[in-house]
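Structure record follows, encoded as structure tokens.
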Amino acid sequence: MAKNPDFPTVSPKMLWLLFGGFTLVNGLLAFFPLPLAWRAALGSVELAFSLAMVLGWAGLSFPKQLWEEELVSFPPTWILFLLLLTTAYLRFTHLTTLSQWPLTDEAKSGYFAMQLATQGWGSARLLYDFSQLPPLYTWMEGVFFKVFGVSLFSLWCLPALLSLLTVPAFYLAARAFFSRSFALILAGLMAFGFWPLYAGRFSHPGVLLLLWECLAVWLAGKLKTKNSHRAFAVIPPGFYLGLWTGAGFYTFTSWPGAALALALWVFFFHRRALTAFLGGMILVYLPLGVAGFQNSYGGYIRHVWGFHSGEAWVPQILRCFWDFCAFFWESPVPENLFAYKPFWGGYLNPLWGACFFLGTIVFSRMASAPWVKFGSLAFILLYLPGFLTGGVEMFRVIPILPLLLAGAALGLSALLSGLKRTWRWPALGLFFLLSLGMDGYHLFGVYQNVWAHPKDNWFGSKSLDRLRAYGLLEDWRKKWGPGLILCDLVPDLYDQSLPLATFSFNAVENPGLDPAQARWAAVFTNVNYRDCLEKRFPQAQWAWLAPDMGWSDGGGMLAFIPLPCPSTEALGRLVAADQAMRELVPAVFDNRDYRSRQPVMEKLASLYPLFENDPYLESCFWEKIADNAYGDGNYDAQMAALRQAVEKGCPAAHLYNDLGALYFRRSRFKEARQNFKEALICPGAHTSAAAGLEMLDEAEKTGQLPKD
């Protein structure tokens with residue numbers, strides 16, 4: 001990277017003034033509830049000023065390339081060891097209590113990994129579920145479950161371990177291009193920054209992608225010393241980089257942006273290696289590409305595409321920059337949508353955000369033109385997956401994290417270069433202490449507090465009643481040992497968090513346990529089925545799991561049945577039906593959202609004899625049919641299925657309430673009123689039917705239906 005001596009050297013005082021201004025603006029935008037107009041104005045001014053500086057408006061230059069300078073002395077080994085221990089501690093502390101319960105995404109990947117661990121590699125696939133996820137993380141998690149057992153601990157231990165390995169991998173990647181001290185600063189950012197710590201708390205393929213990307217950059221650095229290893233002397237090093245890049249497609253859906261950035265780097269700086277690189281990449285990618293072609297790959301991408309012809313273009317374009325706002329200031333994603341977003345400022349706190357803007361200016365005035373062009377294009381490519389899908393998920397843009405950290409490290413290095421050498425380590429330590437204080441509070445304070453108030457924040461993310469059920473089941477396990485836990489008689493099988501969490505002591509699910517030895521059984525179901533089940537299992541104990549939530553259907557209930565019980569035949573039918581539903585789960589994952597649920601309903605129909613002539617099971621069956629019909633937007637079929645549920649099965653309050661709501665939406669007020677009233681007189685009713693009647697009265701007066 002050639003120096004640029006054409007401009008006067010910038011003074012340290014100017015650098016600190018710029019840093020202070022950027023920090024002030026970032027802090028205001030991150031932590032203060034400013035009006036939208038003020039927020040837009042401040043953010044626009046900061047970006048415009050940075051762009052003007054980048055383009056040379058201020059005539060800034062620097063006398064040396066900071067990434068090649070040893071700005072600070074390398075610390076002793078014992079200090080590095082303490083830092084590594086701290087890095088590990090931050091990733092493994094509160095491993096199973098920080099997030100409390102798996103997200104539906106985490107439970108989904110855990111389910112497929114659980115199948116691998118218990119059924120072997122015959123259940124392995126190249127593409128998983130309706131979102132067509134690549135397989136590598138699921139395969140790794142399956143091996144992890146096989147070795148360490150299926151549990152919430154092992155679910156979250158793997159991503160924490162991958163996140164920890166990313167730190168030395170990032171250091172090695174940086175050392176391939178930069179000085180030891182600059183690489184150490186980069187490793188520190190990866191070790192103690194909020195975003196890397198946060199990403200490592202999710203059982204998600206994105207955390208594997210980040211590690212893979214760091215190792216790819218390390219391999220890219222080997223192109224500079226292609227004859228330093230004998231193997232590289234026989235096979236072109238570009239081929240190895242291509243193999244690794246091709247394997248990256250097996251990590252996560254957003255890898256293509258990283259692959260394009262790597263190809264761009266080879267094209268810019270090692271064009272002779274381009275053919276070998278492309279050959280290696282295509283060779284490894286080919287099986288996945290064939291699987292994608294056979295499975296009509298791309299449906300999910302079209303489903304999450306951020307642009308829709310029926311909507312106004314300006315809001316859609318603005319949503320594409322949500323991720324950029326989340327990098328430095330605050331995520332605009334609505335509060336009731338989790339979406340892996342930051343909750344207190346941005347992914348980079350105001351200090352590191354200011355360093356990034358400063359580093360961008362430094363880089364533009366210090367690096368050669370090809371490096372500036374490459375850096376700009378790489379940033380665009382890595383941001384593109386988030387831009388095109390509306391900016392609602394951090395893992396779609398996580399490949400951009402190393403670039404953000406590199407910019408922040410360069411800005412910090414520019415600040416340190418203006419200090420006397422004896423002051424650099426104290427200043428560096430102060431920076432990291434202040435940053436870790438903010439980021440630690442963000443992760444272990446604000447983020448953890450999000451899950452402490454489920455009524456406000458759990459929408460569409462986690463199942464509160466399943467979390468509470470797990471706590472009760474754990475207590476019963478400690479007293480009575482393994483039991484028969486029936487989790488899959490509920491309408492929607494998409495949330496597999498409870499079967500995953502209870503696998504180790506569920507004799508129905510775990511092949512290593514003998515069901516005949518179980519001393520208790522538990523049924524996870526809707527609270528309004530209690531009257532129906534109580535007649536059959538009078539000795540059962542009952543726990544309403546969400547009495548404080550005010551859900552329209554009353555929420556979940558757990559029935560605890562001591563064994564042996566008099567109703568052995570009835571319990572046997574419940575167990576058989578629950579096991580049959582386990583076979584349906586892959587179809588539920590594969591047919592959702594943009595895909596028709598008809599295959600699920602066809603499989604359900606073939607299982608009907610297991611549910612027939614048992615009132616509770618009949619209601620469960622028809623409720624499942626209704627749920628899948630609703631997913632397909634077939635409201636006539638949904639209504640017909642719910643009527644079957646109350647006529648052939650248990651006339652439970654939530655079924656009548658759902659029917660009332662359906663009739664209400666169709667302006668069939670008489671039928672709606674009748675069903676709401678039926679819901680209210682059912683034994684032990686817990687529904688929103690009373691509120692439904694009030695809305696119905698208002699609608700009859702005004703002639704207008706309430707908004708969704």
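Naming works like this for the structure tokens: A, B, ... for the chains as they're shown, residue 1 at the start of each chain, ligands 1 onward in shown order.
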Skipping near chain neighbours, those fewer than 5 positions away, what residues fall within 9 Å of range 590-595 of chain A using only C-alpha atoms, listed as a list in words?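 Counting only C-alpha atoms, the residues come to Tyr128, Asp129, Phe130, Ser131, Gln132, Gly299, Tyr300, Arg302, His303, Val585, Val600, Asn628, Gly631 and Asp632 of chain A.
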Looking only at helix (DSSP H, G or I) from DSSP on the backbone, list the matching residues of range 287-409 of chain A as JSON, numbers by chain. {"A": [287, 288, 289, 290, 291, 292, 293, 294, 299, 300, 301, 302, 303, 313, 314, 315, 316, 317, 318, 319, 322, 323, 324, 325, 326, 327, 328, 350, 351, 352, 353, 354, 355, 356, 357, 358, 359, 360, 361, 362, 363, 364, 365, 366, 369, 370, 371, 372, 373, 374, 375, 376, 377, 378, 379, 380, 381, 382, 383, 384, 385, 386, 387, 388, 394, 395, 396, 398, 399, 400, 401, 402, 403, 404, 405, 406, 407, 408, 409]}
Which residues are close to Ala88 in chain A, i.e. within 8 Å by only C-alpha atoms, leaving aside same-chain residues fewer than 4 positions away? Reply as an mmCIF file with all heavy atoms, in the first residue's frame.
data_model
loop_
_atom_site.group_PDB
_atom_site.id
_atom_site.type_symbol
_atom_site.label_atom_id
_atom_site.label_comp_id
_atom_site.auth_asym_id
_atom_site.auth_seq_id
_atom_site.Cartn_x
_atom_site.Cartn_y
_atom_site.Cartn_z
ATOM 1 N N LEU A 84 -6.868 -13.867 27.316
ATOM 2 C CA LEU A 84 -7.555 -15.005 26.708
ATOM 3 C C LEU A 84 -8.568 -15.606 27.679
ATOM 4 O O LEU A 84 -9.685 -15.973 27.278
ATOM 5 C CB LEU A 84 -6.547 -16.063 26.274
ATOM 6 C CG LEU A 84 -7.114 -17.266 25.507
ATOM 7 C CD1 LEU A 84 -7.790 -16.824 24.222
ATOM 8 C CD2 LEU A 84 -6.012 -18.273 25.199
ATOM 9 N N PHE A 92 -18.604 -17.628 27.937
ATOM 10 C CA PHE A 92 -19.222 -18.796 28.565
ATOM 11 C C PHE A 92 -19.983 -18.474 29.847
ATOM 12 O O PHE A 92 -20.730 -19.319 30.328
ATOM 13 C CB PHE A 92 -18.150 -19.859 28.856
ATOM 14 C CG PHE A 92 -17.654 -20.552 27.629
ATOM 15 C CD1 PHE A 92 -16.520 -20.115 26.970
ATOM 16 C CD2 PHE A 92 -18.331 -21.641 27.110
ATOM 17 C CE1 PHE A 92 -16.060 -20.749 25.835
ATOM 18 C CE2 PHE A 92 -17.884 -22.285 25.963
ATOM 19 C CZ PHE A 92 -16.745 -21.838 25.325
ATOM 20 N N LEU A 164 -15.106 -18.023 20.469
ATOM 21 C CA LEU A 164 -13.781 -17.952 21.099
ATOM 22 C C LEU A 164 -12.678 -18.241 20.083
ATOM 23 O O LEU A 164 -11.650 -17.545 20.047
ATOM 24 C CB LEU A 164 -13.713 -18.945 22.255
ATOM 25 C CG LEU A 164 -12.386 -19.015 23.016
ATOM 26 C CD1 LEU A 164 -12.064 -17.682 23.675
ATOM 27 C CD2 LEU A 164 -12.433 -20.132 24.062
#
Do you have, as a tab-separated table, the list of residues of range 314-432 of chain A lying at most 8 Å from range 248-269 of chain A, each with its nearest atom pair and that distance in Å to one decimal, counting only C-alpha atoms and ordered by chain then number?
residue	atom	partner	partner_atom	distance
A:Pro370	CA	A:Phe268	CA	7.2
A:Phe374	CA	A:Trp265	CA	6.9
A:Leu377	CA	A:Ala261	CA	7.7
A:Ala378	CA	A:Ala261	CA	5.1
A:Leu381	CA	A:Gly257	CA	5.3
A:Leu382	CA	A:Gly257	CA	4.9
A:Tyr383	CA	A:Gly257	CA	7.8
A:Leu384	CA	A:Gly257	CA	7.1
A:Pro385	CA	A:Ser254	CA	6.3
A:Phe395	CA	A:Ser254	CA	7.6
A:Arg396	CA	A:Ser254	CA	5.3
A:Val397	CA	A:Ser254	CA	7.1
A:Pro399	CA	A:Ala258	CA	6.3
6 Å contact set for range 193-204 of chain A, only C-alpha atoms, chain neighbours under 2 positions out, as a list in words: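 Contacts, in chain order: Glu106, Trp156, Pro159, Ala160, Ser163, Leu189, Met190, Gly206, Tyr347 and Asp439 of chain A.
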For Leu127 in chain A, list every protein, DNA or RNA residue within 9 Å, evaluated using only C-alpha atoms, and leave out those in the same chain fewer than 3 positions away; present the list as an MDAnalysis selection string. chainID A and resid 130:135 288 291:292 295
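Across the model, the gap from CA of Cys487 in chain A to CA of Pro499 in chain A is 6.4 Å.
CA of Ala369 in chain A lies 24.5 Å from CA of Arg180 in chain A.
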Phe178 in chain A: which residues within 9 Å, counting only C-alpha atoms, same-chain residues fewer than 6 positions away excluded, as a list in words? Leu66, Trp67, Glu68 and Glu69 of chain A
Store the residues picked out above in a file with N, CA and C atoms, as a short mmCIF file (atom, residue, chain, number, x, y, z; two decimals), in the first residue's frame.
data_model
loop_
_atom_site.label_atom_id
_atom_site.label_comp_id
_atom_site.auth_asym_id
_atom_site.auth_seq_id
_atom_site.Cartn_x
_atom_site.Cartn_y
_atom_site.Cartn_z
N LEU A 66 -0.13 3.24 9.23
CA LEU A 66 -0.23 2.89 10.64
C LEU A 66 -0.35 1.39 10.87
N TRP A 67 -0.92 0.67 9.91
CA TRP A 67 -1.09 -0.77 10.10
C TRP A 67 0.23 -1.53 10.00
N GLU A 68 1.29 -0.85 9.55
CA GLU A 68 2.60 -1.48 9.50
C GLU A 68 3.49 -1.08 10.67
N GLU A 69 3.04 -0.12 11.47
CA GLU A 69 3.83 0.39 12.58
C GLU A 69 3.57 -0.41 13.86
#
Given only C-alpha atoms, how would the per-residue table for range 34-124 of chain A near range 419-426 of chain A read, listing every residue at most 10 Å away with its closest atom pair and distance in Å to one decimal, sorted by chain and number, as JSON lines?
{"residue": "A:Leu71", "atom": "CA", "partner": "A:Arg421", "partner_atom": "CA", "distance": 7.5}
{"residue": "A:Val72", "atom": "CA", "partner": "A:Arg424", "partner_atom": "CA", "distance": 6.6}
{"residue": "A:Ser73", "atom": "CA", "partner": "A:Trp425", "partner_atom": "CA", "distance": 8.3}
{"residue": "A:Pro75", "atom": "CA", "partner": "A:Trp425", "partner_atom": "CA", "distance": 9.7}
So that I can check the surroundings of range 405-417 of chain A, please list as a ChimeraX atom specification every protein, DNA and RNA residue that reaches within 10 Å of it, counting only C-alpha atoms and ignoring chain neighbours fewer than 3 positions away. /A:12-16,19,62,65-67,69-72,174,181-190,193,348,351-363,400-402,420-421,423-425,427-428,431
Do you have the CA of Gly703 in chain A-CA of Gly550 in chain A distance handy? 27.1 Å
